[in-house]
Amino acid sequence: MTEVTGAPGAPGDLRVLQRVVLPVDRDLDVLKLYVEGRIARGAEALEAERAAENDIARAAELPPEVAAEDVGRRTVVVPIGRRVSFATYFNAFPASYWRRWTGVEDVLLRVRVRGQANVIVYRSSAKGHIQRVASVRIDSDEPREETFRLSLQPFIDGGWYWFDVLAGERTAVLERADWCAEPDGAQPVRQGRVSVGITTFNRPSFCVDQLIALGGAPEVLDVLDAIYVVDQGTQKVRDHADFPRAAELLGERLHVIEQANLGGSGGFSRAMDETLRAGRSDYVLLLDDDVVTETEGILRAVAFGDHARTPTIVGGHMFNLFVRSQLHAYGESIQRYRWWWEEAPHTRREHDFARPANPLTAKQASTGSLLETPWLHRRVDVDYNGWWMCLIPVDVMRKIGLSMPMFIKWDDAEYCVRAGEAGFPTVSLPGMAAWHVPWQDKDDGIDWQAYYHERNRLVTALLHSPYERGGNLLKESLIISIKHALAMQYSTAELMLQAIEDVLRGPDHMHAEIAGKLPQILAFRAAFPDAQNRSSHEEFPQVKRRRPPKRGREPRPPRGRAALLVGAALGTLRQLRPVDAATRDNPQTVIPHIDRHWGVLSKFDSALVSSADGTKVAWYQRDPDRFKRIMKRTSLLHARLTREWPELSRRYRAAMHDLAAPETWRRTFDAADAGDR
C-alpha cells in the first residue's frame with residue numbers, strides 16, 4: 001500500500017501514530033531504549049553507507065560514489081550479515097493500549113528500505129509469548145516501501161508489535177518506518193493541536209534547554225500552538241544567556257508569564273487556564289522544568305488523544321536522568337485503603353532496560369530488554385500519571401476544572417482521580433517519556449515539603465477515599481508522625497501537625513494561603529537543629545561517645561513486627577529520659593543517609609545525619625520536652641480528625657468544584673501578583 005500524498009488528515013492519507021526514531025544525540029546510554037542489535041554508528045555508519053552506495057553502483061555498473069549522506073534520526077544502517085530489532089521501549093508499538101482505549105482496529109507498519117534485507121514482523125501476547133507475523137525480502141538498489149496491515153484484535157490484555165531488519169550479503173539501510181492508521185471515511189479523525197505548559201522555579205538552564213529542544217523539533221512545532229512558561233522564581237528564564245536563541249526558534253509560540261510562587265499546582269493551573277482562554281488548542285501538555293523530553297512522545301500523545309474513544313489524559317513515563325536506561329515506574333496507582341502512591345499491580349519499579357536480565361538477582365533489581373521481561377507485555381492500567389509529562393484534553397478541563405490549590409504534592413494524582421470519577425481515564429503510554437531527577441536522591445519526605453505531603457494526602461482522601469474515615473490512612477499518619485519524633489526529626493513532625501490543623505480549618509484556607517504558606521513554613525522550620533544543614537561534617541564539633549557500643553555492635557533497624565513494636569516502645573521510653581549533657585557539645589555518632597532509620601536514631605541523644613543527595617549534613621539533637629509535646633498534640637489531633645472526618649469530607653467535596661474552577665484561580669493569580677508587586 002502506498003501513502004496518498006496531501007495535507008495531514010485529508011481523505012486517503014495514512015495518519016502516523018508512531019515514528020521509528022533514534023536518540024537525538026545518539027547517546028549510547030539510551031540506545032537500547034531505541035534499538036537492539038549491532039548497528040553502524042557515527043563514522044562507521046558513514047562508511048557502511050558508502051559501502052552500500054558502492055554495492056549499488058557496482059550492481060548498476062556505475063562509478064562508485066565518494067561520499068555518503070549523513071545518517072539522520074530516522075535512518076538505521078545494518079551492516080552485512082547483521083540483525084537489528086526494534087523490540088524496544090521507544091520503537092515497538094504498544095498495541096494493547098491502542099486496542100483498549102482507541103477506535104483504531106488495524107495498524108499499518110510502513111517501512112522504507114534499500115539494499116538487501118529481510119524485514120520480519122513479530123507480536124507478543126500479554127504473557128510475553130512471541131509470534132512471527134509476517135515478513136518480506138528486499139533486494140533493491142532504490143528505496144523500496146512496504147506496508148504490513150496488522151490487526152489489533154488479539155491485544156485485549158496486552159502485547160506489542162515490532163519488527164527486525166536482517167542485512168544480507170549487502171548492507172541494509174532502513175530509511176524510515178512508521179506505525180500508521182487509515183482514516184475512517186465516515187468520521188475522519190481530526191489532527192489535534194496542543195499547547196505546552198512548563199512551570200519553572202529557579203531552573204533557567206534546564207528550562208531553556210527544553211525550549212531549544214522543542215524549537216529544534218519541526219514536526220512538533222507543526223502541531224504546537226503555544227508554549228506557556230510560567231516562571232515563579234527569582235532567577236528568571238528570560239535572563240539566561242541562551243534564552244534569545246530559544247525565543248528565535250519558537251517565535252510567537254513562546255509566552256513567558258512571570259508570577260508569584262504558587263507552586264506546581266499554581267503554575268500548571270496558570271498554563272491550563274491560558275490554554276482555555278486562548279481557545280485554540282485541543283490539549284495542554286504539562287512538563288516539569290527539570291526534565292529532558294523525548295519530543296517524539298508529544299506527537300504520539302496527541303495521536304493517541306485524537307483517536308481515543310473518550311477524552312483521555314495521556315501520561316508519559318519517567319526515566320532516571322542519572323541512569324538513563326532506568327524506568328522509574330511503568331504505571332502508578334493509589335492503594336485506596338492506605339491512600340498512598342505505589343507502582344501499578346504486576347509491575348516493578350526502577351526497571352533498567354540496558355542491563356541484561358539475571359534470574360539470580362531478580363528479587364533485588366528489575367533488569368532486561370523488552371523481550372527478556374514478560375511483565376512488560378501485560379497492559380498496565382493506572383490511577384494517575386505524574387505531571388513531569390502529561391497531556392490533558394481541553395474537554396476534561398472544561399468539565400472538571402483546573403488543579404486543586406495544593407502548591408505541590410498530590411495535585412497530579414488528585415486531578416487524575418477526579419477526572420476518572422467524571423468518566424475520563426488516564427493512560428500511561430509506553431513510548432512517551434521524559435528523563436527526570438530520581439526520587440531516591442531527594443529528601444522531600446522530611447524537609448519543608450513534609451507539610452504538603454501530609455496536608456494534600458489528607459485532602460485528597462477527604463475528597464475521594466471510598467472508605468469510612470479514610471481506611472487505614474489516619475493510623476498510618478499517626479505512626480509516621482511518631483517515627484519522625486523518635487528519629488529526632490522534630491521539624492518534620494511539627495509540620496505534619498500544622499498540616500492537620502489546617503485541614504481541620506476547612507477548604508477555604510487552600511486558595512487563601514497558597515502564596516504565603518511556604519515562607520511561613522521555611523521561617524518556622526529554620527529554628528530546628530534537624531533543619532540546619534551544613535556542607536560537611538567538619539563544620540560541626542568533633543564526634544565523641546562516652547560509652548562504646550554495647551558488645552561492640554552498632555544499632556540496627558529492627559526487623560519483624562515484634563521487633564518493631566519493642567523498638568518503638570523502648571525508643572519512646574528513652575525519649576523521656578534526660579539528655580546526656582555531653583551530647584549538647586559533641587555529636588555521638590555519624591549516621592549515613594542509607595542508615596537513617598528511626599530505630600537507629602532513637603538510640604542516640606545526638607547524631608550527624610547526611611542528606612539523600614549526599615551534599616549536606618545536619619545535627620540531630622534529642623529534646624524530651626519537644627517529644628512530649630509532639631506526642632500529646634499528634635494524639636489529640638488524630639483523634640479529632642477521626643471524629644470530624646465525615647463532616648470534613650462533606651465540606652471538602654462540596655467545595656471541590658469551586659476550588660478547581662478557573663474563575664477561582666484567576667482571583668488567586670490576581671491577588672498573588674498584586675502581593676508580589
# chains A, B, ... in the order shown; residues from 1 in each chain; ligands from 1
>>> residues_around(residues="Glu274 (chain A)", least_positions_apart="6", cutoff="12 Å", atoms="only C-alpha atoms", output="list of chain:residue names")
A:Ser195, A:Val196, A:Gly197, A:Ile198, A:Asp225, A:Ala226, A:Ile227, A:Tyr228, A:Val229, A:Val230, A:His255, A:Val256, A:Ile257, A:Gly267, A:Phe268, A:Arg280, A:Ser281, A:Tyr283, A:Val284, A:Val394, A:Met397, A:Leu402, A:Pro662, A:Trp665, A:Arg666, A:Phe669
>>> select_by_dssp(residues="region 230-298 of chain A", states="strand (DSSP E or B)", output="list in words")
Val230, Asp231, Leu254, His255, Val256, Ile257, Glu258, Tyr283, Val284, Leu285, Leu286, Leu287, Asp288, Val291, Val292 and Thr293 of chain A
>>> closest_residue(among="A:Arg577, A:His509, A:Arg190, A:Arg525", to="Trp448 (chain A)", atoms="only C-alpha atoms")
A:Arg525
>>> residues_around(residues="Leu473 (chain A)", least_positions_apart="6", cutoff="8 Å", atoms="only C-alpha atoms", output="mmCIF file with C-alpha atoms, in the first residue's frame")
data_model
loop_
_atom_site.group_PDB
_atom_site.id
_atom_site.type_symbol
_atom_site.label_atom_id
_atom_site.label_comp_id
_atom_site.auth_asym_id
_atom_site.auth_seq_id
_atom_site.Cartn_x
_atom_site.Cartn_y
_atom_site.Cartn_z
ATOM 1 C CA TYR A 337 -7.269 1.611 51.746
ATOM 2 C CA ARG A 338 -3.964 3.271 52.707
ATOM 3 C CA TRP A 339 -4.438 6.189 50.329
#
>>> select_by_dssp(residues="region 326-475 of chain A", states="helix (DSSP H, G or I)", output="PyMOL selection string")
chain A and resi 359-361+374-377+394-400+411-421+439-441+450-464+468-470+473-475
>>> write_last_selection(atoms="N, CA and C atoms", output="compact mmCIF listing (two decimals), in the first residue's frame")
# COMPACT_ATOMS: atom_id res chain seq x y z
N PRO A 359 18.28 -13.90 36.40
CA PRO A 359 17.34 -14.53 37.34
C PRO A 359 17.87 -14.59 38.76
N LEU A 360 19.19 -14.59 38.93
CA LEU A 360 19.75 -14.70 40.27
C LEU A 360 19.57 -13.43 41.08
N THR A 361 19.41 -12.29 40.39
CA THR A 361 19.24 -11.01 41.09
C THR A 361 17.86 -10.42 40.85
N PRO A 374 8.86 -10.50 30.71
CA PRO A 374 7.46 -10.82 30.38
C PRO A 374 6.44 -9.84 30.94
N TRP A 375 6.67 -9.30 32.15
CA TRP A 375 5.64 -8.44 32.73
C TRP A 375 5.45 -7.15 31.95
N LEU A 376 6.43 -6.74 31.15
CA LEU A 376 6.29 -5.52 30.35
C LEU A 376 5.29 -5.69 29.21
N HIS A 377 4.88 -6.91 28.94
CA HIS A 377 3.95 -7.15 27.83
C HIS A 377 2.50 -7.11 28.27
N VAL A 394 -8.56 19.56 26.54
CA VAL A 394 -9.30 20.76 26.94
C VAL A 394 -10.71 20.39 27.40
N ASP A 395 -11.29 19.36 26.79
CA ASP A 395 -12.63 18.93 27.20
C ASP A 395 -12.67 18.49 28.66
N VAL A 396 -11.59 17.89 29.12
CA VAL A 396 -11.53 17.48 30.53
C VAL A 396 -11.47 18.70 31.44
N MET A 397 -10.66 19.68 31.07
CA MET A 397 -10.55 20.89 31.90
C MET A 397 -11.87 21.64 31.95
N ARG A 398 -12.58 21.68 30.83
CA ARG A 398 -13.88 22.36 30.83
C ARG A 398 -14.87 21.68 31.77
N LYS A 399 -14.74 20.36 31.91
CA LYS A 399 -15.71 19.61 32.72
C LYS A 399 -15.33 19.62 34.20
N ILE A 400 -14.05 19.42 34.55
CA ILE A 400 -13.69 19.25 35.96
C ILE A 400 -12.84 20.40 36.51
N ASP A 411 -1.15 16.96 43.61
CA ASP A 411 -2.03 17.67 42.68
C ASP A 411 -2.28 16.85 41.42
N ASP A 412 -1.22 16.20 40.89
CA ASP A 412 -1.41 15.39 39.68
C ASP A 412 -2.25 14.15 39.96
N ALA A 413 -1.99 13.49 41.09
CA ALA A 413 -2.77 12.29 41.43
C ALA A 413 -4.24 12.64 41.66
N GLU A 414 -4.48 13.71 42.41
CA GLU A 414 -5.87 14.11 42.68
C GLU A 414 -6.60 14.45 41.39
N TYR A 415 -5.92 15.13 40.47
CA TYR A 415 -6.57 15.54 39.23
C TYR A 415 -7.02 14.32 38.42
N CYS A 416 -6.14 13.33 38.32
CA CYS A 416 -6.49 12.15 37.53
C CYS A 416 -7.59 11.34 38.20
N VAL A 417 -7.58 11.27 39.54
CA VAL A 417 -8.66 10.57 40.24
C VAL A 417 -9.97 11.30 40.00
N ARG A 418 -9.96 12.63 40.10
CA ARG A 418 -11.17 13.43 39.86
C ARG A 418 -11.66 13.24 38.42
N ALA A 419 -10.72 13.23 37.48
CA ALA A 419 -11.11 13.02 36.08
C ALA A 419 -11.72 11.64 35.90
N GLY A 420 -11.12 10.63 36.53
CA GLY A 420 -11.65 9.28 36.41
C GLY A 420 -13.07 9.18 36.94
N GLU A 421 -13.34 9.87 38.05
CA GLU A 421 -14.69 9.85 38.59
C GLU A 421 -15.69 10.53 37.66
N TRP A 439 13.59 10.13 42.54
CA TRP A 439 13.11 10.47 43.89
C TRP A 439 14.08 10.04 44.97
N GLN A 440 14.87 8.97 44.74
CA GLN A 440 15.72 8.47 45.82
C GLN A 440 16.81 9.46 46.19
N ASP A 441 17.03 10.48 45.38
CA ASP A 441 18.04 11.49 45.70
C ASP A 441 17.42 12.76 46.27
N ALA A 450 7.27 18.26 53.75
CA ALA A 450 6.51 17.34 54.60
C ALA A 450 5.12 17.89 54.90
N TYR A 451 5.01 19.22 55.03
CA TYR A 451 3.70 19.83 55.27
C TYR A 451 2.74 19.50 54.12
N TYR A 452 3.20 19.66 52.89
CA TYR A 452 2.34 19.45 51.74
C TYR A 452 2.04 17.97 51.51
N HIS A 453 3.03 17.11 51.79
CA HIS A 453 2.76 15.67 51.72
C HIS A 453 1.57 15.31 52.62
N GLU A 454 1.61 15.76 53.86
CA GLU A 454 0.58 15.39 54.82
C GLU A 454 -0.75 16.06 54.50
N ARG A 455 -0.73 17.37 54.31
CA ARG A 455 -2.00 18.07 54.08
C ARG A 455 -2.70 17.57 52.83
N ASN A 456 -1.96 17.46 51.74
CA ASN A 456 -2.60 17.14 50.47
C ASN A 456 -3.02 15.67 50.38
N ARG A 457 -2.29 14.81 51.07
CA ARG A 457 -2.73 13.42 51.15
C ARG A 457 -4.07 13.34 51.88
N LEU A 458 -4.18 14.07 52.98
CA LEU A 458 -5.44 14.08 53.74
C LEU A 458 -6.57 14.69 52.92
N VAL A 459 -6.29 15.82 52.26
CA VAL A 459 -7.34 16.49 51.48
C VAL A 459 -7.81 15.59 50.33
N THR A 460 -6.86 14.95 49.64
CA THR A 460 -7.24 14.08 48.53
C THR A 460 -8.09 12.91 49.02
N ALA A 461 -7.74 12.37 50.17
CA ALA A 461 -8.55 11.28 50.73
C ALA A 461 -9.92 11.77 51.15
N LEU A 462 -9.99 12.96 51.74
CA LEU A 462 -11.29 13.52 52.10
C LEU A 462 -12.18 13.70 50.87
N LEU A 463 -11.57 14.04 49.75
CA LEU A 463 -12.33 14.25 48.52
C LEU A 463 -12.74 12.94 47.85
N HIS A 464 -11.89 11.90 47.93
CA HIS A 464 -12.09 10.75 47.05
C HIS A 464 -12.04 9.38 47.71
N GLU A 468 -14.70 4.56 54.92
CA GLU A 468 -15.11 5.38 56.06
C GLU A 468 -13.87 5.85 56.81
N ARG A 469 -13.77 7.14 57.01
CA ARG A 469 -12.65 7.77 57.70
C ARG A 469 -11.29 7.42 57.08
N GLY A 470 -11.31 7.27 55.74
CA GLY A 470 -10.05 7.13 55.01
C GLY A 470 -9.37 5.80 55.14
N LEU A 473 -5.61 5.27 56.60
CA LEU A 473 -4.80 6.49 56.44
C LEU A 473 -4.46 7.15 57.76
N LEU A 474 -5.43 7.35 58.63
CA LEU A 474 -5.18 8.10 59.87
C LEU A 474 -4.26 7.32 60.80
N LYS A 475 -4.40 6.00 60.82
CA LYS A 475 -3.49 5.19 61.64
C LYS A 475 -2.06 5.34 61.13
>>> residues_around(residues="Phe407 (chain A)", least_positions_apart="2", cutoff="8 Å", atoms="only C-alpha atoms", output="JSON, numbers by chain")
{"A": [262, 263, 264, 265, 266, 405, 409, 411, 452, 514]}
>>> atom_distance(atom1="CA of Trp598 (chain A)", atom2="CA of Ile334 (chain A)")
25.5 Å
